[in-house]
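Undergrad: Below is a structure I'd like to ask you about.
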Amino acid sequence: MQEEREPVAPTTQVAVLLNQLSCHFGQVKAVDAVDLEVLPGEFFSMLGPSGSGKTTCLRLIGGFEQPTSGRIVLFGEDASRLPPYARDVNTVFQDYALFPHMNVRDNVAYALMVRGLPKPERHKRAEEMLELVKLSGFGNRRPGQLSGGQRQRVALARSLINKPRLLLLDEPLGALDLKLREEMQIELKALQRQLGITFIYVTHDQGEALSMSDRVAVFNLGKIEQLDSPKQLYEYPKTEFVARFVGSANVLDGRLIGLRAGKYALRPERIYIQAGSQNGTNSLSGTLLDIHYLGSQTRYEVQVGGERLTAVTSSEEQSLQIGNAVTLRWESSFLRPLQEVS
Amino acid sequence: MTLRRRFSDALYVRPLFLLLLLLIPPLLWLGIIYLGSLFNLMLYSFYSLNDFTGQVEYRFSLSAFQQLFSSPANVDIVLRTTGMALVVTLACIGIGFPTAYYIAFYTKGSARTFWYLMVLLPLWSSYLIKVYAWRLILAGEGVISWFFNLLGLGWLLQGILSVPVIGGSSLSNSYLGMFLVFTYIWLPYMILPIIAALERVPKSLIQASSDLGARPGQTFRRVIWPLAIPGVAAGSIFTFSLTLGDYIIPQVVGQPGFFIGQMVFIQQGTAGNLPLAAAFSVVPVVIIAIYLLIVRRLGAFNAL
């Protein structure tokens with residue numbers, strides 16, 4: 001069900017407009033005819049496995065790659081052929097890309113320096129930005145003397161000092177450990193709300209994309225498979241790829257469960273598992289292969305015919321034994337029909 | 001347990017002993033043969049020569065340095081050599097930097113190997129052969145002069161050669177020719193360290209600079225050049241000190257007029273004035289030390 005939209009004229013109502021945007025490297029179609037609109041003030045994520053085209057898409061918006069064809073419109077202005085320094089966009093790089101020969105203050109103030117602002121003004125604003133990212137007093141240090149999380153904040157401060165209308169973030173938390181990453185997710189989201197800047201956030205971590213974003217575009221093979229809110233994406237995946245990549249999903253053949261042919265997604269937490277083999281509608285029986293105790297959840301691997309299905313419960317079912325027969329049940333309303341990919 | 005096994009086990013649990021074993025040969029070499037002889041050389045510059053007997057007197061004296069700096073001819077030699085070294089270094093930076101920039105940022109895989117080979121290839125043949133080949137190339141009847149005449153530009157070459165100081169009767173008899181040969185011979189020593197420095201600059205730094213609003217010229221000045229300076233400094237130490245010490249090229253190409261290297265050669269050989277020869281060879285060491293201090297002051301090694 002595609003929403004009907006007016007043909008889009010470049011207006012300032014849209015922060016980023018990609019129109020049939022392609023970027024090919026030789027035979028590889030890294031980005032393949034992508035259409036996309038990002039709204040002002042939105043926290044927008046591009047999610048996908050490596051090689052799906054999400055990073056190339058971001059780099060096209062930043063101006064670091066040249067499109068093979070198509071158009072990039074930033075705030076109503078055609079930017080397809082503009083160099084990075086002429087775009088009102090800033091980027092947080094995956095490796096932070098801090099200048100090793102400058103101290104933290106000069107790194108943060110770099111954008112002001114190239115614009116020729118006087119030193120006192122530069123230092124004042126750099127200090128403000130460092131305060132914003134909770135790094136007051138770190139101005140004289142070198143990037144090499146900072147921890148990964150601190151470098152990340154410096155990179156953020158540096159990219160925000162020019163007050164861009166759009167911030168691109170290329171897997172900014174990828175190099176941090178889990179705990180720090182979760183903290184930074186919360187801080188990034190708060191910062192984005194506070195500043196009202198449009199964020200485009202590239203990640204391969206579906207949990208990150210779901211928890212932070214207003215909308216998520218799932219990339220696969222250079223195309224957007226689905227663009228929706230996190231909840232829509234999780235509850236109503238449109239394709240098998242999305243169902244499997246965003247969260248985990250059982251993909252069932254309709255004929256196996258007495259429906260018409262085609263594939264259906266069923267989330268593991270929507271399945272009830274019980275001992276014994278019973279037949280009935282909206283159920284399948286099979287053999288319990290394995291039990292994974294995960295603390296807050298328990299995951300069950302079940303062999304049903306040629307398929308391997310997963311069920312998740314919040315409490316461990318004591319009666320279940322590996323190797324025994326089990327029955328899986330669900331409510332038919334949680335079966336999501338998937339589109340066949342052409 | 002075999003002896004070999006016991007030996008490896010002993011080395012494994014005593015890593016310091018292994019390190020010592022590894023370091024003994026280089027320490028012996030560097031410590032005794034290299035630094036020892038350098039120290040000995042310095043020492044000799046503070047001895048004096050007894051004019052009467054022609055023997056070295058092993059007592060502290062500054063007479064060698066006095067002799068060196070009191071003679072205008074000797075000061076000329078120092079200035080001439082330093083001037084040449086400076087110009088050659090600048091030319092090597094001028095030619096070497098773009099070359100290294102291209103190789104580091106625009107080539108990869110087999111193309112890069114090819115360019116590395118092109119830079120290194122001249123080093124495979126003998127230095128003497130190259131210098132004498134250049135003498136022929138630069139000679140009045142040589143290929144350069146022939147080529148200028150072919151293009152009808154013989155007058156231009158003559159004009160350049162008539163410029164005082166750098167000119168001469170032919171390129172091979174001029175400081176300009178000597179400069180060309182020096183630049184050719186030392187160029188690889190400039191290119192390689194700059195490539196090494198530029199290769200270590202992540203592409204993302206250049207993109208970040210551009211992203212933050214810097215035009216390409218600003219990115220070069222603020223990011224690429226500062227990060228390349230350690231390589232340029234290393235290369236210029238090579239070109240500078242090699243030119244300061246060379247005594248073959250000034251003999252084969254160029255005008256009469258000695259260089260430091262030749263003076264060292266003559267003073268320790270034919271003249272037998274070892275203290276003066278030592279004093280002459282201390283000059284490049286001091287110049288390089290001063291150069292390094294200046295470069296460090298300018299913050300060249302901040303990125304290291």
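Every chain in the structure tokens has a letter given in the order shown (A, B, ...), and although residue numbers restart at 1 in each chain, ligands are simply numbered from 1 in the order shown.
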Could you write out as a PyMOL selection string the residues of chain B within 7 Å of chain A, counting only C-alpha atoms?
TA: chain B and resi 204-205+207-208+210-215+302-303
Undergrad: Restricting the output to N, CA and C atoms, write the selected residues as a compact mmCIF listing (two decimals), in the first residue's frame.
TA:
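Output file out19.txt is given in full below:
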```
# COMPACT_ATOMS: atom_id res chain seq x y z
N SER B 204 39.84 10.03 5.62
CA SER B 204 38.72 10.66 6.32
C SER B 204 39.11 12.03 6.88
N LEU B 205 40.39 12.25 7.18
CA LEU B 205 40.81 13.57 7.67
C LEU B 205 40.60 14.63 6.60
N GLN B 207 38.49 14.39 4.11
CA GLN B 207 37.06 14.57 3.93
C GLN B 207 36.46 15.40 5.07
N ALA B 208 36.95 15.15 6.30
CA ALA B 208 36.43 15.90 7.44
C ALA B 208 36.72 17.39 7.26
N SER B 210 37.15 19.03 4.48
CA SER B 210 36.27 19.54 3.44
C SER B 210 34.85 19.69 3.98
N ASP B 211 34.43 18.72 4.77
CA ASP B 211 33.10 18.71 5.36
C ASP B 211 32.89 19.93 6.25
N LEU B 212 33.96 20.36 6.92
CA LEU B 212 33.86 21.47 7.86
C LEU B 212 34.04 22.81 7.16
N GLY B 213 34.04 22.78 5.83
CA GLY B 213 34.00 24.03 5.09
C GLY B 213 35.31 24.49 4.50
N ALA B 214 36.37 23.67 4.63
CA ALA B 214 37.66 24.09 4.10
C ALA B 214 37.73 23.82 2.60
N ARG B 215 38.13 24.83 1.85
CA ARG B 215 38.36 24.63 0.42
C ARG B 215 39.64 23.80 0.26
N ASN B 302 54.89 17.66 15.88
CA ASN B 302 53.75 17.57 16.78
C ASN B 302 52.83 16.41 16.44
N ALA B 303 52.79 16.07 15.15
CA ALA B 303 51.86 15.02 14.73
C ALA B 303 52.41 13.63 15.01
```
Undergrad: Run DSSP on the backbone and tell me which residues of region 82-245 of chain A come out as alpha helix (DSSP H); list them as a PyMOL selection string.
TA: chain A and resi 104-108+110-114+119-132+148-160+178-195+206-212+230-235+240-245
Undergrad: Tell me, in Å to one decimal, how far CA of Ile77 (chain B) is from CA of Gly231 (chain B).
TA: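 It comes out at 29.1 Å.
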Undergrad: Pick out the residues sitting within 12 Å of Lys130 (chain B), and hand them over as a list in words; count only C-alpha atoms, and ignore anything fewer than 3 positions along from it in its own chain.
TA: Leu121, Pro122, Leu123, Trp124, Ser125, Ser126, Tyr127, Ala133, Trp134, Arg135, Leu136, Ile137, Val181, Phe182, Tyr184, Ile185, Trp186, Ile248, Ile249, Val252 and Val253 of chain B
Undergrad: Could those selected residues go to a file with N, CA and C atoms, as a PDB file, in the first residue's frame?
TA:
```pdb
ATOM      1  N   LEU B 121      64.202   2.809  -9.119  1.00  0.00           N
ATOM      2  CA  LEU B 121      65.038   2.268 -10.188  1.00  0.00           C
ATOM      3  C   LEU B 121      66.403   2.952 -10.306  1.00  0.00           C
ATOM      4  N   PRO B 122      66.454   4.295 -10.264  1.00  0.00           N
ATOM      5  CA  PRO B 122      67.762   4.954 -10.399  1.00  0.00           C
ATOM      6  C   PRO B 122      68.760   4.514  -9.321  1.00  0.00           C
ATOM      7  N   LEU B 123      68.238   4.048  -8.169  1.00  0.00           N
ATOM      8  CA  LEU B 123      69.140   3.652  -7.088  1.00  0.00           C
ATOM      9  C   LEU B 123      69.812   2.311  -7.366  1.00  0.00           C
ATOM     10  N   TRP B 124      69.311   1.608  -8.393  1.00  0.00           N
ATOM     11  CA  TRP B 124      69.876   0.290  -8.689  1.00  0.00           C
ATOM     12  C   TRP B 124      71.205   0.391  -9.423  1.00  0.00           C
ATOM     13  N   SER B 125      71.431   1.540 -10.062  1.00  0.00           N
ATOM     14  CA  SER B 125      72.672   1.639 -10.826  1.00  0.00           C
ATOM     15  C   SER B 125      73.689   2.464 -10.034  1.00  0.00           C
ATOM     16  N   SER B 126      74.937   2.310 -10.420  1.00  0.00           N
ATOM     17  CA  SER B 126      76.009   2.924  -9.656  1.00  0.00           C
ATOM     18  C   SER B 126      75.929   4.439  -9.684  1.00  0.00           C
ATOM     19  N   TYR B 127      76.172   4.994  -8.532  1.00  0.00           N
ATOM     20  CA  TYR B 127      76.192   6.435  -8.354  1.00  0.00           C
ATOM     21  C   TYR B 127      77.197   7.083  -9.308  1.00  0.00           C
ATOM     22  N   ALA B 133      77.401   9.907 -16.451  1.00  0.00           N
ATOM     23  CA  ALA B 133      76.407   9.986 -17.527  1.00  0.00           C
ATOM     24  C   ALA B 133      75.839  11.394 -17.602  1.00  0.00           C
ATOM     25  N   TRP B 134      75.596  11.980 -16.421  1.00  0.00           N
ATOM     26  CA  TRP B 134      75.063  13.339 -16.399  1.00  0.00           C
ATOM     27  C   TRP B 134      76.059  14.333 -16.984  1.00  0.00           C
ATOM     28  N   ARG B 135      77.336  14.066 -16.763  1.00  0.00           N
ATOM     29  CA  ARG B 135      78.349  14.957 -17.318  1.00  0.00           C
ATOM     30  C   ARG B 135      78.238  15.006 -18.840  1.00  0.00           C
ATOM     31  N   LEU B 136      78.007  13.810 -19.416  1.00  0.00           N
ATOM     32  CA  LEU B 136      77.844  13.741 -20.874  1.00  0.00           C
ATOM     33  C   LEU B 136      76.549  14.404 -21.316  1.00  0.00           C
ATOM     34  N   ILE B 137      75.502  14.173 -20.558  1.00  0.00           N
ATOM     35  CA  ILE B 137      74.201  14.757 -20.913  1.00  0.00           C
ATOM     36  C   ILE B 137      74.291  16.282 -20.908  1.00  0.00           C
ATOM     37  N   VAL B 181      72.317  17.768 -11.249  1.00  0.00           N
ATOM     38  CA  VAL B 181      72.796  16.426 -10.941  1.00  0.00           C
ATOM     39  C   VAL B 181      72.483  16.065  -9.489  1.00  0.00           C
ATOM     40  N   PHE B 182      72.770  16.989  -8.576  1.00  0.00           N
ATOM     41  CA  PHE B 182      72.457  16.751  -7.161  1.00  0.00           C
ATOM     42  C   PHE B 182      70.968  16.430  -6.979  1.00  0.00           C
ATOM     43  N   TYR B 184      68.810  15.352  -9.126  1.00  0.00           N
ATOM     44  CA  TYR B 184      68.472  14.054  -9.708  1.00  0.00           C
ATOM     45  C   TYR B 184      68.884  12.914  -8.778  1.00  0.00           C
ATOM     46  N   ILE B 185      70.123  12.992  -8.286  1.00  0.00           N
ATOM     47  CA  ILE B 185      70.680  11.870  -7.513  1.00  0.00           C
ATOM     48  C   ILE B 185      69.951  11.685  -6.181  1.00  0.00           C
ATOM     49  N   TRP B 186      69.578  12.789  -5.524  1.00  0.00           N
ATOM     50  CA  TRP B 186      68.994  12.653  -4.171  1.00  0.00           C
ATOM     51  C   TRP B 186      67.480  12.605  -4.150  1.00  0.00           C
ATOM     52  N   ILE B 248      82.090  13.864  -4.893  1.00  0.00           N
ATOM     53  CA  ILE B 248      82.279  13.369  -6.258  1.00  0.00           C
ATOM     54  C   ILE B 248      81.644  14.332  -7.265  1.00  0.00           C
ATOM     55  N   ILE B 249      80.381  14.674  -7.031  1.00  0.00           N
ATOM     56  CA  ILE B 249      79.652  15.487  -8.008  1.00  0.00           C
ATOM     57  C   ILE B 249      80.345  16.833  -8.242  1.00  0.00           C
ATOM     58  N   VAL B 252      83.129  16.301 -10.672  1.00  0.00           N
ATOM     59  CA  VAL B 252      82.837  15.859 -12.036  1.00  0.00           C
ATOM     60  C   VAL B 252      82.067  16.925 -12.814  1.00  0.00           C
ATOM     61  N   VAL B 253      81.119  17.572 -12.139  1.00  0.00           N
ATOM     62  CA  VAL B 253      80.281  18.561 -12.808  1.00  0.00           C
ATOM     63  C   VAL B 253      80.468  19.900 -12.098  1.00  0.00           C
TER      64      VAL B 253
END
```
Undergrad: Take CA of His292 (chain A) and CA of Arg329 (chain A) and report the distance between them in Å, one decimal.
TA: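 CA of His292 (chain A) sits 19.4 Å away from CA of Arg329 (chain A).
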Undergrad: Would you mind telling me which residue in A:Val34, A:Leu266, A:Leu227, A:Val28 lies nearest to Gly254 (chain A) when using only C-alpha atoms?
TA: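 For Gly254 (chain A), the nearest of the given residues is A:Leu266.
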Undergrad: Work out how far CA of Arg297 (chain B) is from CA of Phe259 (chain B), in Å to one decimal.
TA: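 Calculated distance between CA of Phe259 (chain B) and CA of Arg297 (chain B) is 29.2 Å.
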Undergrad: Taking only C-alpha atoms into account, which of B:Ser281, B:Thr183, B:Ser241, B:Asn273 comes nearest Gln55 (chain B)?
TA: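 Looking only at the distances to Gln55 (chain B), the closest residue turns out to be B:Asn273.
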Undergrad: Using only C-alpha atoms, find the one residue out of A:Ile257, A:Val242, A:Ala275, A:Leu117 that sits nearest to Trp330 (chain A).
TA: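 Smallest distance to Trp330 (chain A) is found for A:Ile257.
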Undergrad: Using only C-alpha atoms, which residue out of A:Leu256, A:Leu18, A:Ala265, A:Leu289 lies closest to Ser333 (chain A)?
TA: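 Result for the nearest residue to Ser333 (chain A): A:Ala265.
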Undergrad: Which polymer residues have any atom within 6 Å of an atom of Ala197 (chain B), counting only C-alpha atoms, with same-chain residues fewer than 3 positions away left out, as a short mmCIF file (atom, residue, chain, number, x, y, z; two decimals) with N, CA and C atoms, in the first residue's frame?
TA:
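Output contents, as saved in selection.cif:
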```
data_model
loop_
_atom_site.label_atom_id
_atom_site.label_comp_id
_atom_site.auth_asym_id
_atom_site.auth_seq_id
_atom_site.Cartn_x
_atom_site.Cartn_y
_atom_site.Cartn_z
N ILE B 194 58.31 11.12 2.14
CA ILE B 194 57.05 11.87 2.02
C ILE B 194 55.90 10.92 1.72
N ARG B 200 50.15 7.62 5.70
CA ARG B 200 49.59 7.47 7.04
C ARG B 200 48.47 8.46 7.32
N ALA B 228 52.36 16.03 6.61
CA ALA B 228 53.43 15.55 5.73
C ALA B 228 54.79 16.05 6.18
N GLY B 231 57.68 13.78 7.17
CA GLY B 231 58.27 13.13 5.99
C GLY B 231 59.17 14.08 5.23
#
```
Undergrad: For Leu176 (chain A), list every protein, DNA or RNA residue within 12 Å, evaluated using only C-alpha atoms, and leave out those in the same chain fewer than 2 positions away; present the list as a PyMOL selection string.
TA: chain A and resi 94-96+147-153+171-174+178-185
Undergrad: Keeping C-alpha atoms, export the residues of the selection given above as a PDB file, in the first residue's frame.
TA:
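Resulting contents of result-v4.pdb:
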```
ATOM      1  CA  GLN A  94      33.061   6.417  11.752  1.00  0.00           C
ATOM      2  CA  ASP A  95      36.737   6.761  12.743  1.00  0.00           C
ATOM      3  CA  TYR A  96      36.001  10.276  14.141  1.00  0.00           C
ATOM      4  CA  SER A 147      39.356   7.621  25.205  1.00  0.00           C
ATOM      5  CA  GLY A 148      37.143   6.365  22.380  1.00  0.00           C
ATOM      6  CA  GLY A 149      34.006   7.836  23.922  1.00  0.00           C
ATOM      7  CA  GLN A 150      35.656  11.209  24.452  1.00  0.00           C
ATOM      8  CA  ARG A 151      36.915  11.314  20.872  1.00  0.00           C
ATOM      9  CA  GLN A 152      33.407  10.572  19.731  1.00  0.00           C
ATOM     10  CA  ARG A 153      32.139  13.597  21.659  1.00  0.00           C
ATOM     11  CA  GLU A 171      28.091   4.459  12.480  1.00  0.00           C
ATOM     12  CA  PRO A 172      29.366   6.873  15.127  1.00  0.00           C
ATOM     13  CA  LEU A 173      29.047   4.425  18.000  1.00  0.00           C
ATOM     14  CA  GLY A 174      30.439   1.389  16.204  1.00  0.00           C
ATOM     15  CA  LEU A 178      28.145  -1.864  24.671  1.00  0.00           C
ATOM     16  CA  LYS A 179      27.616   0.111  27.881  1.00  0.00           C
ATOM     17  CA  LEU A 180      29.086   3.317  26.483  1.00  0.00           C
ATOM     18  CA  ARG A 181      27.153   2.832  23.275  1.00  0.00           C
ATOM     19  CA  GLU A 182      23.851   2.680  25.139  1.00  0.00           C
ATOM     20  CA  GLU A 183      24.717   5.834  27.072  1.00  0.00           C
ATOM     21  CA  MET A 184      25.677   7.665  23.916  1.00  0.00           C
ATOM     22  CA  GLN A 185      22.471   6.580  22.187  1.00  0.00           C
TER      23      GLN A 185
END
```
